[in-house]
Amino acid sequence: MPSQPSLSRRTLLYASAVTAAMTVIGACSSNEKPAQQGTTNDNKTAAASKGSEGKPLAPPREFKESPQLAQQVKAGSLPALNERLPERPYVVPHRWCGNGKYGGTLLNLTDASNSGIIGEYVYGRSPLRWLNDGLDIGPGLVESWESNDDATAWTLHLRKGLKWSDGQPLTGADALYWWEDLVLNDVHPALPGDSGRSGAGTPMQLKATDDLTLVMTFDSPTPLTPALLANGVNTTDWFLPKHYLRRWHPKYTKSVTAKNWYEEHDQHSNWAQDPKCPTLTGWRVTEYQEGRRVQLERNPYYWCVDKAGAQLPYVDTLVFSVVTEPEVRKLQIQEGKVDYVHGAFIPIGLGDISGMKRTQNRHDMNVSLWDSGSGTGSVFFFNYDYPEEKMRTLIRNPKFRQALSFAFDRAEAQKAVYFNTGEKTTGTYSPKANEYQGSDEGRQIYRQWRDAYVRYDPARAKSMLDEIGVRVGASGKRELPGGGDLVIRIDVPADVSNEHETKNNLLKRNWEDIGLTVRINPLAPEGFGDQWANGQLMAQSSWEVGDGPDHLTGPWWFVPIEPARWAPLHGRMWSMRGTPEEKTEQNVDPWKRTPPRIDAEPGGPIAQLWDGYARGKAEVDGVARQKIVWEMIKVHIEHGPFFMGTVANYPQVTMNKRALRNVPTREQLALGGMVNTWAHPTPAVYDPEAYYWDDPSAHT
């Protein structure tokens with residue numbers, strides 16, 4: 001009998017690391033009671049402090065403010081509080097929030113001074129707001145709203161007395177400036193966001209009947225408008241400070257004559273980079289150092305209060321230090337130089353938990369796990385619109401992509417990357433999406449999509465490749481149908497995280513095991529997005545899919561409507577619908593158009609998805625709309641996978657200083673959290689403006 005092979009030292013160390021990590025992950029589970037995290041002053045039970053009130057809370061009769069601002073009022077440099085707050089401020093409705101204390105600084109990290117991460121911490125610019133992990137929609141800048149019977153017209157009522165951070169009033173004119181002077185401007189490159197389009201992709205008509213009333217009119221029913229107005233990604237520019245920006249717009253300032261006037265204009269419209277640009281968020285930028293740090297301080301005109309009437313935010317100053325190297329970011333966390341961490345942003349993964357636990361006496365932070373809400377974990381996807389014809393034809397063959405999915409050993413990736421958490425998946429939308437909740441049929445179609453091509457079956461993968469003509473040639477490697485070198489190039493930004501890097505190396509090995517040639521191609525992060533949007537790259541493997549809270553209000557992976565995902569040129573075509581450029585360059589090669597764009601083949605999968613999206617957005621009946629989504633999922637199953645997942649809903653690391661209060665636990669969140677989504681901006685949806693220090697003087 002042959003002797004058993006001995007285990008290598010590397011294998012033993014890896015096994016030990018996995019065991020240690022799993023032990024620590026267990027310690028971070030819902031059974032562990034965090035040290036005073038998210039407690040309230042009246043010591044409510046976890047059950048009583050779960051979720052948020054679904055209906056708006058009435059504002060209290062009296063209000064109070066930060067001592068810092070009170071001194072400015074006393075000195076005459078700032079108006080009184082009742083002149084700064086709207087007539088009816090927004091009351092933060094989270095049941096886990098207790099009354100807080102003013103003062104202190106909150107230290108955070110980011111990978112770039114212009115990172116979109118900063119916007120994920122603040123929800124103050126949004127017309128409406130997600131609550132309860134996407135189950136409810138609450139008011140925001142818009143206090144109330146209604147539609148006509150067929151949902152083709154929506155009326156939005158702004159809060160009376162809202163003010164920009166410089167004290168100027170917010171009015172409907174600020175929305176019209178964004179819409180008429182930028183989006184509909186023939187020169188400005190802004191395109192209408194999804195909240196401003198009908199299901200057919202046609203831009204809305206927007207009018208202000210008075211300073212506080214906006215009317216949106218569409219060419220077809222748009223019942224999803226409230227949800228689209230709550231989406232963090234869709235609503236970032238709905239209101240722009242016309243009184244500040246008009247000086248860089250040729251319509252209002254005759255001295256602006258440059259053809260590319262919009263470049264300087266847009267630099268000043270970015271509140272997160274221009275400290276002089278007024279904003280509506282809880283903190284305003286006061287210091288912007290390119291590549292070094294961004295500092296934000298309390299907005300004295302912020303329009304949100306706690307249940308006792310205290311104007312938010314509690315914390316005086318928010319600081320984002322720029323650290324480009326992931327390992328340096330982790331070291332700074334372990335050394336206690338950071339107060340709050342969302343693992344998706346740093347990134348801190350499950351493999352880092354053990355190290356964070358060992359250094360807890362230095363960083364003094366709770367290490368806990370929220371649900372990621374991810375539909376894929378680390379995701380791989382081809383460019384459906386790749387310019388080289390033979391390779392594009394192969395990429396568009398569903399059997400090619402299905403074969404590659406069967407060749408991927410997700411169990412190995414689940415163990416190596418996610419420490420056996422989450423659930424193996426072909427790649428879907430978030431398991432928390434509304435269409436999967438509440439009915440057996442919804443749960444069943446989720447499982448069908450999840451399991452469609454998830455099984456590890458390299459023999460079947462080889463057979464499918466042979467069937468479509470991707471056979472092994474004289475070189476011993478598989479070739480293109482009809483002959484010719486076949487190289488799968490995985491394009492990734494050079495700063496890709498360990499999570500994706502490990503998964504990509506496993507993909508490469510798995511696919512080479514069935515005879516394919518695979519190259520991982522690191523590229524400079526600068527310009528990567530533009531290259532992808534122009535259709536120049538072959539494949540990506542450095543993202544994940546998590547969007548929701550449903551398929552149609554965060555549809556970017558589900559339907560190609562913009563150029564950043566799996567069909568960039570199709571997405572660009574959709575995004576230009578209803579604009580003057582839509583019908584131009586029709587006789588020009590799609591890859592040579594400016595910008596590159598291509599229309600859907602009639603009857604093809606993208607045409608089917610576009611049609612379903614148009615019908616779904618226009619369907620007033622919720623049950624019928626859900627069935628349309630299920631039909632679209634079947635297109636993904638039959639013609640997909642368009643994006644290939646690893647595991648879904650793995651835990652996401654969150655960390656906060658023990659002395660930081662009103663940070664919710666997983667148990668206090670309605671669905672356990674939904675961290676890894678942009679449409680549901682996290683942590684903004686949980687109002688970090690309500691976080692506070694138990695002793696602010698110790699955190700200045």
# chains A, B, ... in the order shown; residues from 1 in each chain; ligands from 1
call {"tool": "closest_atom_pairs", "arguments": {"of": "segment 476-554 of chain A", "to": "segment 669-693 of chain A", "cutoff": "7 Å", "atoms": "only C-alpha atoms", "output": "CSV"}}
result
residue,atom,partner,partner_atom,distance
A:Gly546,CA,A:Thr677,CA,5.0
A:Asp547,CA,A:Thr677,CA,4.9
A:Gly548,CA,A:Ala679,CA,6.5
A:Pro549,CA,A:His680,CA,6.9
A:Gly554,CA,A:Ala679,CA,5.8
call {"tool": "write_last_selection", "arguments": {"atoms": "C-alpha atoms", "output": "mmCIF file, in the first residue's frame"}}
result
data_model
loop_
_atom_site.group_PDB
_atom_site.id
_atom_site.type_symbol
_atom_site.label_atom_id
_atom_site.label_comp_id
_atom_site.auth_asym_id
_atom_site.auth_seq_id
_atom_site.Cartn_x
_atom_site.Cartn_y
_atom_site.Cartn_z
ATOM 1 C CA GLY A 546 -24.590 43.858 -4.979
ATOM 2 C CA ASP A 547 -27.065 46.374 -6.234
ATOM 3 C CA GLY A 548 -30.666 46.536 -5.263
ATOM 4 C CA PRO A 549 -32.728 46.908 -3.179
ATOM 5 C CA GLY A 554 -30.422 49.719 -9.235
#
call {"tool": "select_by_dssp", "arguments": {"residues": "segment 246-320 of chain A", "states": "strand (DSSP E or B)", "output": "number ranges by chain"}}
result
A: 283-289, 293-298, 304-305, 310-311, 317-320
call {"tool": "residues_around", "arguments": {"residues": "Leu660 of chain A", "least_positions_apart": "5", "cutoff": "10 Å", "atoms": "only C-alpha atoms", "output": "list in words"}}
result
Gln36, Gln37, Gly38, Leu106, Asp339, Tyr340, Met365, Asn366, Tyr691, Tyr692, Trp693, Asp694, Asp695, Pro696 and His699 of chain A
call {"tool": "write_last_selection", "arguments": {"atoms": "N, CA, C and O atoms", "output": "CSV table (one decimal), in the first residue's frame"}}
result
chain,number,residue,atom,x,y,z
A,36,GLN,N,-20.9,47.8,24.2
A,36,GLN,CA,-21.7,49.0,24.2
A,36,GLN,C,-22.0,49.6,22.8
A,36,GLN,O,-22.3,50.7,22.6
A,37,GLN,N,-21.8,48.8,21.8
A,37,GLN,CA,-22.0,49.3,20.4
A,37,GLN,C,-23.5,49.5,20.1
A,37,GLN,O,-24.3,48.5,20.3
A,38,GLY,N,-23.8,50.7,19.7
A,38,GLY,CA,-25.2,50.9,19.3
A,38,GLY,C,-26.2,50.9,20.4
A,38,GLY,O,-27.4,50.8,20.2
A,106,LEU,N,-13.8,62.4,13.8
A,106,LEU,CA,-13.9,61.0,13.4
A,106,LEU,C,-12.9,60.8,12.2
A,106,LEU,O,-13.0,61.5,11.2
A,339,ASP,N,-10.9,55.5,13.2
A,339,ASP,CA,-12.0,55.4,14.2
A,339,ASP,C,-13.1,54.5,13.7
A,339,ASP,O,-13.9,54.0,14.4
A,340,TYR,N,-13.3,54.5,12.3
A,340,TYR,CA,-14.4,53.8,11.8
A,340,TYR,C,-14.0,53.2,10.4
A,340,TYR,O,-13.3,53.8,9.6
A,365,MET,N,-11.0,48.8,18.8
A,365,MET,CA,-12.3,48.9,18.0
A,365,MET,C,-13.0,47.6,18.1
A,365,MET,O,-12.5,46.5,18.3
A,366,ASN,N,-14.4,47.7,18.1
A,366,ASN,CA,-15.2,46.5,17.9
A,366,ASN,C,-15.0,46.0,16.5
A,366,ASN,O,-14.9,46.7,15.5
A,691,TYR,N,-23.8,59.4,14.9
A,691,TYR,CA,-22.8,58.8,15.7
A,691,TYR,C,-22.2,59.8,16.6
A,691,TYR,O,-22.1,61.0,16.3
A,692,TYR,N,-21.8,59.4,17.8
A,692,TYR,CA,-21.2,60.4,18.7
A,692,TYR,C,-20.2,59.7,19.7
A,692,TYR,O,-20.2,58.4,19.8
A,693,TRP,N,-19.3,60.5,20.2
A,693,TRP,CA,-18.3,59.9,21.2
A,693,TRP,C,-18.9,60.0,22.6
A,693,TRP,O,-19.5,61.0,23.0
A,694,ASP,N,-18.6,59.0,23.4
A,694,ASP,CA,-19.0,59.0,24.8
A,694,ASP,C,-18.3,60.1,25.6
A,694,ASP,O,-18.8,60.7,26.5
A,695,ASP,N,-17.0,60.4,25.1
A,695,ASP,CA,-16.3,61.5,25.7
A,695,ASP,C,-15.6,62.3,24.5
A,695,ASP,O,-14.5,62.0,24.1
A,696,PRO,N,-16.3,63.3,24.0
A,696,PRO,CA,-15.8,64.0,22.8
A,696,PRO,C,-14.5,64.6,23.0
A,696,PRO,O,-13.7,64.7,22.1
A,699,HIS,N,-11.3,62.9,21.8
A,699,HIS,CA,-11.2,62.6,20.3
A,699,HIS,C,-11.2,63.9,19.5
A,699,HIS,O,-11.9,64.0,18.5
call {"tool": "closest_atom_pairs", "arguments": {"of": "segment 605-663 of chain A", "to": "segment 199-219 of chain A", "cutoff": "6 Å", "atoms": "only C-alpha atoms", "output": "CSV"}}
result
residue,atom,partner,partner_atom,distance
A:Ala614,CA,A:Gly199,CA,3.8
A:Lys617,CA,A:Gly199,CA,4.9
A:Ala618,CA,A:Gly199,CA,5.6
call {"tool": "residues_around", "arguments": {"residues": "Gly476 of chain A", "least_positions_apart": "4", "cutoff": "10 Å", "atoms": "only C-alpha atoms", "output": "MDAnalysis selection string"}}
result
chainID A and resid 471:472 515:516
call {"tool": "write_last_selection", "arguments": {"atoms": "C-alpha atoms", "output": "tab-separated table (two decimals), in the first residue's frame"}}
result
chain	number	residue	atom	x	y	z
A	471	ARG	CA	-10.62	22.69	-29.50
A	472	VAL	CA	-7.08	21.82	-28.51
A	515	GLY	CA	-6.56	23.84	-21.96
A	516	LEU	CA	-7.16	27.60	-22.17
call {"tool": "closest_residue", "arguments": {"among": "A:Phe380, A:Glu412, A:Ser475, A:Glu582", "to": "Val492 of chain A", "atoms": "only C-alpha atoms"}}
result
A:Phe380
call {"tool": "residues_around", "arguments": {"residues": "segment 263-268 of chain A", "least_positions_apart": "4", "cutoff": "8 Å", "atoms": "only C-alpha atoms", "output": "MDAnalysis selection string"}}
result
chainID A and resid 245 248:249 273:274 276:277
call {"tool": "closest_atom_pairs", "arguments": {"of": "segment 386-468 of chain A", "to": "segment 594-609 of chain A", "cutoff": "12 Å", "atoms": "only C-alpha atoms", "output": "JSON lines"}}
result
{"residue": "A:Tyr386", "atom": "CA", "partner": "A:Ile598", "partner_atom": "CA", "distance": 11.3}
{"residue": "A:Pro387", "atom": "CA", "partner": "A:Pro596", "partner_atom": "CA", "distance": 10.4}
{"residue": "A:Arg396", "atom": "CA", "partner": "A:Pro605", "partner_atom": "CA", "distance": 10.1}
{"residue": "A:Asn397", "atom": "CA", "partner": "A:Pro605", "partner_atom": "CA", "distance": 11.3}
{"residue": "A:Pro398", "atom": "CA", "partner": "A:Pro605", "partner_atom": "CA", "distance": 10.4}
call {"tool": "write_last_selection", "arguments": {"atoms": "N, CA and C atoms", "output": "compact mmCIF listing (two decimals), in the first residue's frame"}}
result
# COMPACT_ATOMS: atom_id res chain seq x y z
N TYR A 386 -16.47 43.64 -27.10
CA TYR A 386 -15.03 43.66 -27.41
C TYR A 386 -14.82 43.93 -28.91
N PRO A 387 -13.87 44.80 -29.29
CA PRO A 387 -13.78 45.24 -30.69
C PRO A 387 -13.31 44.19 -31.69
N ARG A 396 -19.73 36.35 -27.06
CA ARG A 396 -21.19 36.45 -27.09
C ARG A 396 -21.89 35.09 -27.19
N ASN A 397 -21.13 34.03 -27.34
CA ASN A 397 -21.71 32.69 -27.36
C ASN A 397 -21.96 32.24 -25.92
N PRO A 398 -23.22 32.07 -25.50
CA PRO A 398 -23.49 31.70 -24.10
C PRO A 398 -22.78 30.43 -23.67
call {"tool": "select_by_dssp", "arguments": {"residues": "segment 489-521 of chain A", "states": "helix (DSSP H, G or I)", "output": "list of chain:residue names"}}
result
A:Asn498, A:Glu499, A:His500, A:Glu501, A:Thr502, A:Lys503, A:Asn504, A:Asn505, A:Leu506, A:Leu507, A:Lys508, A:Arg509, A:Asn510, A:Trp511, A:Glu512, A:Asp513
call {"tool": "atom_distance", "arguments": {"atom1": "atom CA of Glu501 of chain A", "atom2": "atom CA of Ala433 of chain A"}}
result
27.7 Å
call {"tool": "closest_residue", "arguments": {"among": "A:Lys477, A:Arg615, A:Arg298, A:Lys101", "to": "Thr281 of chain A", "atoms": "only C-alpha atoms"}}
result
A:Arg298
call {"tool": "atom_distance", "arguments": {"atom1": "atom CA of Asn649 of chain A", "atom2": "atom CA of Val417 of chain A"}}
result
13.2 Å
call {"tool": "residues_around", "arguments": {"residues": "Arg129 of chain A", "least_positions_apart": "3", "cutoff": "12 Å", "atoms": "only C-alpha atoms", "output": "PyMOL selection string"}}
result
chain A and resi 52+54-56+90+92-93+122-126+132-144+226-235+679-682+684-687
call {"tool": "residues_around", "arguments": {"residues": "Asn521 of chain A", "least_positions_apart": "3", "cutoff": "8 Å", "atoms": "only C-alpha atoms", "output": "count of residues only"}}
result
4
call {"tool": "atom_distance", "arguments": {"atom1": "atom CA of Glu435 of chain A", "atom2": "atom CA of Tyr650 of chain A"}}
result
19.9 Å
call {"tool": "closest_residue", "arguments": {"among": "A:Val545, A:Val323, A:Ile488, A:Ala308", "to": "Pro60 of chain A", "atoms": "only C-alpha atoms"}}
result
A:Ala308
call {"tool": "closest_residue", "arguments": {"among": "A:Pro241, A:Gly336, A:Gly442, A:Pro313", "to": "Leu107 of chain A", "atoms": "only C-alpha atoms"}}
result
A:Gly336
call {"tool": "decode", "arguments": {"residues": "segment 507-520 of chain A", "atoms": "all heavy atoms", "output": "PDB file, in the first residue's frame"}}
result
ATOM      1  N   LEU A 507      -9.017  31.398 -10.894  1.00  0.00           N
ATOM      2  CA  LEU A 507      -9.646  31.337 -12.215  1.00  0.00           C
ATOM      3  C   LEU A 507      -8.627  30.933 -13.271  1.00  0.00           C
ATOM      4  O   LEU A 507      -8.884  30.061 -14.108  1.00  0.00           O
ATOM      5  CB  LEU A 507     -10.220  32.706 -12.587  1.00  0.00           C
ATOM      6  CG  LEU A 507     -11.677  33.040 -12.269  1.00  0.00           C
ATOM      7  CD1 LEU A 507     -12.031  34.400 -12.864  1.00  0.00           C
ATOM      8  CD2 LEU A 507     -12.632  31.982 -12.768  1.00  0.00           C
ATOM      9  N   LYS A 508      -7.487  31.600 -13.239  1.00  0.00           N
ATOM     10  CA  LYS A 508      -6.437  31.329 -14.226  1.00  0.00           C
ATOM     11  C   LYS A 508      -6.043  29.852 -14.191  1.00  0.00           C
ATOM     12  O   LYS A 508      -5.957  29.180 -15.231  1.00  0.00           O
ATOM     13  CB  LYS A 508      -5.225  32.212 -13.954  1.00  0.00           C
ATOM     14  CG  LYS A 508      -4.081  32.071 -14.967  1.00  0.00           C
ATOM     15  CD  LYS A 508      -2.968  33.061 -14.629  1.00  0.00           C
ATOM     16  CE  LYS A 508      -1.890  33.088 -15.707  1.00  0.00           C
ATOM     17  NZ  LYS A 508      -1.165  31.831 -15.857  1.00  0.00           N
ATOM     18  N   ARG A 509      -5.832  29.329 -13.001  1.00  0.00           N
ATOM     19  CA  ARG A 509      -5.418  27.930 -12.874  1.00  0.00           C
ATOM     20  C   ARG A 509      -6.512  26.985 -13.351  1.00  0.00           C
ATOM     21  O   ARG A 509      -6.255  26.028 -14.087  1.00  0.00           O
ATOM     22  CB  ARG A 509      -5.064  27.626 -11.416  1.00  0.00           C
ATOM     23  CG  ARG A 509      -4.345  26.288 -11.234  1.00  0.00           C
ATOM     24  CD  ARG A 509      -4.096  26.005  -9.778  1.00  0.00           C
ATOM     25  NE  ARG A 509      -5.334  25.689  -9.088  1.00  0.00           N
ATOM     26  CZ  ARG A 509      -5.473  25.673  -7.760  1.00  0.00           C
ATOM     27  NH1 ARG A 509      -4.448  26.005  -7.001  1.00  0.00           N
ATOM     28  NH2 ARG A 509      -6.627  25.354  -7.205  1.00  0.00           N
ATOM     29  N   ASN A 510      -7.773  27.259 -12.932  1.00  0.00           N
ATOM     30  CA  ASN A 510      -8.880  26.395 -13.336  1.00  0.00           C
ATOM     31  C   ASN A 510      -9.046  26.371 -14.848  1.00  0.00           C
ATOM     32  O   ASN A 510      -9.269  25.306 -15.448  1.00  0.00           O
ATOM     33  CB  ASN A 510     -10.186  26.872 -12.695  1.00  0.00           C
ATOM     34  CG  ASN A 510     -10.279  26.577 -11.203  1.00  0.00           C
ATOM     35  OD1 ASN A 510     -11.081  27.174 -10.491  1.00  0.00           O
ATOM     36  ND2 ASN A 510      -9.460  25.669 -10.696  1.00  0.00           N
ATOM     37  N   TRP A 511      -8.971  27.523 -15.469  1.00  0.00           N
ATOM     38  CA  TRP A 511      -9.190  27.585 -16.914  1.00  0.00           C
ATOM     39  C   TRP A 511      -8.004  27.027 -17.700  1.00  0.00           C
ATOM     40  O   TRP A 511      -8.181  26.446 -18.766  1.00  0.00           O
ATOM     41  CB  TRP A 511      -9.490  29.026 -17.334  1.00  0.00           C
ATOM     42  CG  TRP A 511     -10.850  29.484 -16.839  1.00  0.00           C
ATOM     43  CD1 TRP A 511     -11.860  28.692 -16.352  1.00  0.00           C
ATOM     44  CD2 TRP A 511     -11.343  30.817 -16.788  1.00  0.00           C
ATOM     45  NE1 TRP A 511     -12.949  29.446 -15.997  1.00  0.00           N
ATOM     46  CE2 TRP A 511     -12.662  30.764 -16.260  1.00  0.00           C
ATOM     47  CE3 TRP A 511     -10.804  32.056 -17.128  1.00  0.00           C
ATOM     48  CZ2 TRP A 511     -13.436  31.907 -16.084  1.00  0.00           C
ATOM     49  CZ3 TRP A 511     -11.576  33.197 -16.945  1.00  0.00           C
ATOM     50  CH2 TRP A 511     -12.879  33.117 -16.428  1.00  0.00           C
ATOM     51  N   GLU A 512      -6.814  27.174 -17.168  1.00  0.00           N
ATOM     52  CA  GLU A 512      -5.661  26.557 -17.829  1.00  0.00           C
ATOM     53  C   GLU A 512      -5.722  25.031 -17.710  1.00  0.00           C
ATOM     54  O   GLU A 512      -5.224  24.316 -18.589  1.00  0.00           O
ATOM     55  CB  GLU A 512      -4.367  27.109 -17.243  1.00  0.00           C
ATOM     56  CG  GLU A 512      -4.104  28.554 -17.680  1.00  0.00           C
ATOM     57  CD  GLU A 512      -2.826  29.124 -17.094  1.00  0.00           C
ATOM     58  OE1 GLU A 512      -2.338  28.563 -16.084  1.00  0.00           O
ATOM     59  OE2 GLU A 512      -2.321  30.129 -17.629  1.00  0.00           O
ATOM     60  N   ASP A 513      -6.361  24.547 -16.652  1.00  0.00           N
ATOM     61  CA  ASP A 513      -6.508  23.101 -16.484  1.00  0.00           C
ATOM     62  C   ASP A 513      -7.369  22.474 -17.578  1.00  0.00           C
ATOM     63  O   ASP A 513      -7.273  21.266 -17.829  1.00  0.00           O
ATOM     64  CB  ASP A 513      -7.130  22.777 -15.116  1.00  0.00           C
ATOM     65  CG  ASP A 513      -6.139  22.947 -13.970  1.00  0.00           C
ATOM     66  OD1 ASP A 513      -4.923  23.036 -14.251  1.00  0.00           O
ATOM     67  OD2 ASP A 513      -6.586  23.016 -12.811  1.00  0.00           O
ATOM     68  N   ILE A 514      -8.223  23.266 -18.224  1.00  0.00           N
ATOM     69  CA  ILE A 514      -9.042  22.710 -19.313  1.00  0.00           C
ATOM     70  C   ILE A 514      -8.489  23.128 -20.681  1.00  0.00           C
ATOM     71  O   ILE A 514      -9.180  23.027 -21.698  1.00  0.00           O
ATOM     72  CB  ILE A 514     -10.520  23.124 -19.181  1.00  0.00           C
ATOM     73  CG1 ILE A 514     -10.689  24.645 -19.231  1.00  0.00           C
ATOM     74  CG2 ILE A 514     -11.120  22.558 -17.895  1.00  0.00           C
ATOM     75  CD1 ILE A 514     -12.154  25.075 -19.335  1.00  0.00           C
ATOM     76  N   GLY A 515      -7.240  23.615 -20.703  1.00  0.00           N
ATOM     77  CA  GLY A 515      -6.555  23.844 -21.964  1.00  0.00           C
ATOM     78  C   GLY A 515      -6.577  25.263 -22.488  1.00  0.00           C
ATOM     79  O   GLY A 515      -6.105  25.516 -23.609  1.00  0.00           O
ATOM     80  N   LEU A 516      -7.098  26.210 -21.711  1.00  0.00           N
ATOM     81  CA  LEU A 516      -7.159  27.596 -22.168  1.00  0.00           C
ATOM     82  C   LEU A 516      -5.881  28.349 -21.799  1.00  0.00           C
ATOM     83  O   LEU A 516      -5.170  27.985 -20.849  1.00  0.00           O
ATOM     84  CB  LEU A 516      -8.363  28.301 -21.553  1.00  0.00           C
ATOM     85  CG  LEU A 516      -9.729  27.789 -22.042  1.00  0.00           C
ATOM     86  CD1 LEU A 516     -10.846  28.256 -21.117  1.00  0.00           C
ATOM     87  CD2 LEU A 516      -9.992  28.266 -23.473  1.00  0.00           C
ATOM     88  N   THR A 517      -5.574  29.384 -22.541  1.00  0.00           N
ATOM     89  CA  THR A 517      -4.465  30.275 -22.219  1.00  0.00           C
ATOM     90  C   THR A 517      -5.042  31.522 -21.558  1.00  0.00           C
ATOM     91  O   THR A 517      -5.923  32.177 -22.121  1.00  0.00           O
ATOM     92  CB  THR A 517      -3.695  30.678 -23.487  1.00  0.00           C
ATOM     93  OG1 THR A 517      -3.188  29.497 -24.113  1.00  0.00           O
ATOM     94  CG2 THR A 517      -2.550  31.605 -23.148  1.00  0.00           C
ATOM     95  N   VAL A 518      -4.559  31.824 -20.359  1.00  0.00           N
ATOM     96  CA  VAL A 518      -5.111  32.922 -19.573  1.00  0.00           C
ATOM     97  C   VAL A 518      -3.975  33.829 -19.121  1.00  0.00           C
ATOM     98  O   VAL A 518      -2.949  33.354 -18.623  1.00  0.00           O
ATOM     99  CB  VAL A 518      -5.883  32.401 -18.340  1.00  0.00           C
ATOM    100  CG1 VAL A 518      -6.508  33.561 -17.567  1.00  0.00           C
ATOM    101  CG2 VAL A 518      -6.949  31.399 -18.754  1.00  0.00           C
ATOM    102  N   ARG A 519      -4.173  35.113 -19.290  1.00  0.00           N
ATOM    103  CA  ARG A 519      -3.196  36.092 -18.825  1.00  0.00           C
ATOM    104  C   ARG A 519      -3.890  37.136 -17.965  1.00  0.00           C
ATOM    105  O   ARG A 519      -4.916  37.692 -18.362  1.00  0.00           O
ATOM    106  CB  ARG A 519      -2.501  36.771 -20.008  1.00  0.00           C
ATOM    107  CG  ARG A 519      -1.643  35.819 -20.838  1.00  0.00           C
ATOM    108  CD  ARG A 519      -1.088  36.505 -22.055  1.00  0.00           C
ATOM    109  NE  ARG A 519      -0.378  35.555 -22.918  1.00  0.00           N
ATOM    110  CZ  ARG A 519      -0.051  35.801 -24.182  1.00  0.00           C
ATOM    111  NH1 ARG A 519      -0.368  36.975 -24.737  1.00  0.00           N
ATOM    112  NH2 ARG A 519       0.585  34.885 -24.893  1.00  0.00           N
ATOM    113  N   ILE A 520      -3.329  37.387 -16.818  1.00  0.00           N
ATOM    114  CA  ILE A 520      -3.827  38.465 -15.959  1.00  0.00           C
ATOM    115  C   ILE A 520      -3.050  39.725 -16.309  1.00  0.00           C
ATOM    116  O   ILE A 520      -1.816  39.722 -16.307  1.00  0.00           O
ATOM    117  CB  ILE A 520      -3.675  38.097 -14.475  1.00  0.00           C
ATOM    118  CG1 ILE A 520      -4.543  36.865 -14.164  1.00  0.00           C
ATOM    119  CG2 ILE A 520      -4.080  39.269 -13.586  1.00  0.00           C
ATOM    120  CD1 ILE A 520      -4.406  36.347 -12.747  1.00  0.00           C
TER     121      ILE A 520
END
